[in-house]
Each structure stands twice: as C-alpha cells, then as structure tokens.
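Data first, discussion second: the structure below is written as structure tokens.
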Amino acid sequence: MEEAERSLPLRRAETAAGFVLIVQTAAGLVALLLSYVSGSAAAQAVAWQLLVGAVVWLSCLMHQRLRRLADEEAHEAEALKAEQQAEGTSLFEADDGVLLTAQKRLQQFEKYFLPGFSVLIMAALGLLS
C-alpha cells in the first residue's frame, strides 16, 4: 500500500496530462472542422493554436511518465540493495549506473527533448502569428 501511495501524485500528474492532451486535441480538431465548414479564418487560427498547445501537453505527459518510471526504479533499486545487504551475499554485483536506466532516460529527455519541444512550439507559434 505504501508503494501505491508514494507514486500516486506522479500517477495523477500523468493522468491529468493525458486527459488534457486528449481534450485539447479534440477541441483543436473540432475547431479545425468548424473552420473548414464555416470558412472562418478566426476559427482556423484558434484550431491551430489549440493543436500546437497539444504538443505542450504531449511533452508534459512524456515528462511525467519518465519521472514516475525513474522514481519507481530508484525505489526498486533501494529495496534490492537493502535486500542484498540483509542477506550479506548477492549473485550479481551491479553499480548504480547499470540499474538506473530510467533515470538516464529522464536526464536525456530533460537535456535534449524538452528544449527541442520548446523550440518546436516557439517556431510553430511564430509561424501561426
């Protein structure tokens, strides 16, 4: 039960980001459909703004998921180390770097992909304005 309670905030953030991504994408597609049906340039501008906003929520969803996985992996590694220390022996000796692959993915995402998403969003909004 403690494990589920610990990861609950990260799961809620991930769920919220996924829900808003779906809602914003649906709203953007509805606005785009309305712009084509009505021929309204204003509706088309709103539609593209909403669809670019969906990219923001996509990056947020991906970031929250990677944070949750890294957190779960860190707690599993702690439990494994505690178990190995309690037993006194272990079949495999692994460093922390080998075990924490989700943490490395999170760091890589934060180092390269988040700035890339930011540049993509900035360029898209610049083109739409």
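Chain lettering (A, B, ...) mirrors the order of the structure tokens, residue numbering begins at 1 for each chain separately, and ligand numbering begins at 1 in order of display.
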
Near A:Leu51, counting only C-alpha atoms, which residues have an atom at most 9 Å away, once you skip same-chain residues fewer than 2 positions from it, shown as a list of chain:residue names?
->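 Using only C-alpha atoms, the neighbours found are A:Gln24, A:Thr25, A:Ala26, A:Ala27, A:Gly28, A:Leu29, A:Val46, A:Ala47, A:Trp48, A:Gln49, A:Gly53, A:Ala54, A:Val55.
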
How would the residues just chosen look if you wrote them out with N, CA, C and O atoms as a PDB file, in the first residue's frame?
ATOM      1  N   GLN A  24      -7.623  18.731 -25.373  1.00  0.00           N
ATOM      2  CA  GLN A  24      -7.120  19.824 -26.206  1.00  0.00           C
ATOM      3  C   GLN A  24      -7.008  19.395 -27.673  1.00  0.00           C
ATOM      4  O   GLN A  24      -7.318  20.172 -28.569  1.00  0.00           O
ATOM      5  N   THR A  25      -6.587  18.169 -27.918  1.00  0.00           N
ATOM      6  CA  THR A  25      -6.520  17.678 -29.292  1.00  0.00           C
ATOM      7  C   THR A  25      -7.917  17.598 -29.900  1.00  0.00           C
ATOM      8  O   THR A  25      -8.119  18.007 -31.052  1.00  0.00           O
ATOM      9  N   ALA A  26      -8.866  17.094 -29.136  1.00  0.00           N
ATOM     10  CA  ALA A  26     -10.241  17.016 -29.624  1.00  0.00           C
ATOM     11  C   ALA A  26     -10.795  18.415 -29.906  1.00  0.00           C
ATOM     12  O   ALA A  26     -11.440  18.639 -30.943  1.00  0.00           O
ATOM     13  N   ALA A  27     -10.544  19.359 -29.003  1.00  0.00           N
ATOM     14  CA  ALA A  27     -11.021  20.732 -29.210  1.00  0.00           C
ATOM     15  C   ALA A  27     -10.380  21.351 -30.448  1.00  0.00           C
ATOM     16  O   ALA A  27     -11.054  22.042 -31.235  1.00  0.00           O
ATOM     17  N   GLY A  28      -9.095  21.089 -30.642  1.00  0.00           N
ATOM     18  CA  GLY A  28      -8.414  21.607 -31.831  1.00  0.00           C
ATOM     19  C   GLY A  28      -8.968  21.018 -33.112  1.00  0.00           C
ATOM     20  O   GLY A  28      -9.158  21.728 -34.112  1.00  0.00           O
ATOM     21  N   LEU A  29      -9.255  19.726 -33.089  1.00  0.00           N
ATOM     22  CA  LEU A  29      -9.817  19.090 -34.288  1.00  0.00           C
ATOM     23  C   LEU A  29     -11.237  19.563 -34.567  1.00  0.00           C
ATOM     24  O   LEU A  29     -11.610  19.765 -35.738  1.00  0.00           O
ATOM     25  N   VAL A  46      -7.652  29.677 -34.285  1.00  0.00           N
ATOM     26  CA  VAL A  46      -7.856  29.089 -32.960  1.00  0.00           C
ATOM     27  C   VAL A  46      -7.539  27.596 -32.990  1.00  0.00           C
ATOM     28  O   VAL A  46      -6.925  27.052 -32.076  1.00  0.00           O
ATOM     29  N   ALA A  47      -7.955  26.930 -34.057  1.00  0.00           N
ATOM     30  CA  ALA A  47      -7.718  25.490 -34.175  1.00  0.00           C
ATOM     31  C   ALA A  47      -6.228  25.187 -34.165  1.00  0.00           C
ATOM     32  O   ALA A  47      -5.779  24.275 -33.451  1.00  0.00           O
ATOM     33  N   TRP A  48      -5.452  25.928 -34.936  1.00  0.00           N
ATOM     34  CA  TRP A  48      -4.013  25.665 -34.986  1.00  0.00           C
ATOM     35  C   TRP A  48      -3.341  26.006 -33.664  1.00  0.00           C
ATOM     36  O   TRP A  48      -2.404  25.317 -33.245  1.00  0.00           O
ATOM     37  N   GLN A  49      -3.818  27.059 -32.993  1.00  0.00           N
ATOM     38  CA  GLN A  49      -3.272  27.384 -31.667  1.00  0.00           C
ATOM     39  C   GLN A  49      -3.551  26.257 -30.676  1.00  0.00           C
ATOM     40  O   GLN A  49      -2.683  25.880 -29.882  1.00  0.00           O
ATOM     41  N   GLY A  53      -0.898  23.712 -28.806  1.00  0.00           N
ATOM     42  CA  GLY A  53      -0.959  23.514 -27.364  1.00  0.00           C
ATOM     43  C   GLY A  53      -0.963  22.042 -26.992  1.00  0.00           C
ATOM     44  O   GLY A  53      -0.500  21.665 -25.911  1.00  0.00           O
ATOM     45  N   ALA A  54      -1.467  21.200 -27.875  1.00  0.00           N
ATOM     46  CA  ALA A  54      -1.459  19.760 -27.609  1.00  0.00           C
ATOM     47  C   ALA A  54      -0.027  19.224 -27.559  1.00  0.00           C
ATOM     48  O   ALA A  54       0.250  18.271 -26.825  1.00  0.00           O
ATOM     49  N   VAL A  55       0.875  19.847 -28.301  1.00  0.00           N
ATOM     50  CA  VAL A  55       2.286  19.434 -28.257  1.00  0.00           C
ATOM     51  C   VAL A  55       2.860  19.713 -26.864  1.00  0.00           C
ATOM     52  O   VAL A  55       3.666  18.927 -26.350  1.00  0.00           O
TER      53      VAL A  55
END

Nearby residues (only C-alpha atoms) at most 12 Å from A:Glu110, same-chain spacing under 5 positions excluded, as a ChimeraX atom specification | /A:59-60,62-64,66-67,103-105,115-118

Shortest contact to A:Trp57, candidates A:Ser35, A:Thr15, A:Thr101, A:Gln107, atoms counted only C-alpha atoms, goes to A:Thr15

Find, counting only C-alpha atoms, the residue in A:Val37, A:Leu21, A:Glu14, A:Glu73 that gets nearest to A:Leu50.
->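 Using only C-alpha atoms, the shortest distance to A:Leu50 belongs to A:Leu21.
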
In Å, with one decimal, what is the gap from atom CA of A:Gln108 to atom CA of A:Leu128?
->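 Value for the atom CA of A:Gln108-atom CA of A:Leu128 distance: 29.5 Å.
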
Counting only C-alpha atoms, the option among A:Ala42, A:Leu10, A:Leu61, A:Ala86 closest to A:Leu114 = A:Leu61

Atom CA of A:Ala41 to atom CA of A:Met122, straight-line distance in Å =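 Result for atom CA of A:Met122 versus atom CA of A:Ala41: 21.3 Å, one decimal.
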
Separation of atom CA of A:Ala31 and atom CA of A:Gln44, in Å?
->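 Atom-to-atom, atom CA of A:Ala31 to atom CA of A:Gln44, that is 6.8 Å.
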
Point out the residue among A:Leu106, A:Ala123, A:Leu69, A:Leu100 with the least atom-to-atom distance to A:Arg11, counting only C-alpha atoms.
->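 Of the candidates, the smallest distance to A:Arg11 is held by A:Leu69.
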
Tell me which of A:Gly39, A:Val20, A:Ala102, A:Val30 sits closest to A:His75, counting only C-alpha atoms.
->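 Checking each candidate against A:His75, we get A:Ala102 as the closest.
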
Looking at only C-alpha atoms, which of A:Leu8, A:Val56, A:Tyr36, A:Ala70 is the one that sits closest to A:Ile22?
->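 Looking only at the distances to A:Ile22, the closest residue turns out to be A:Val56.
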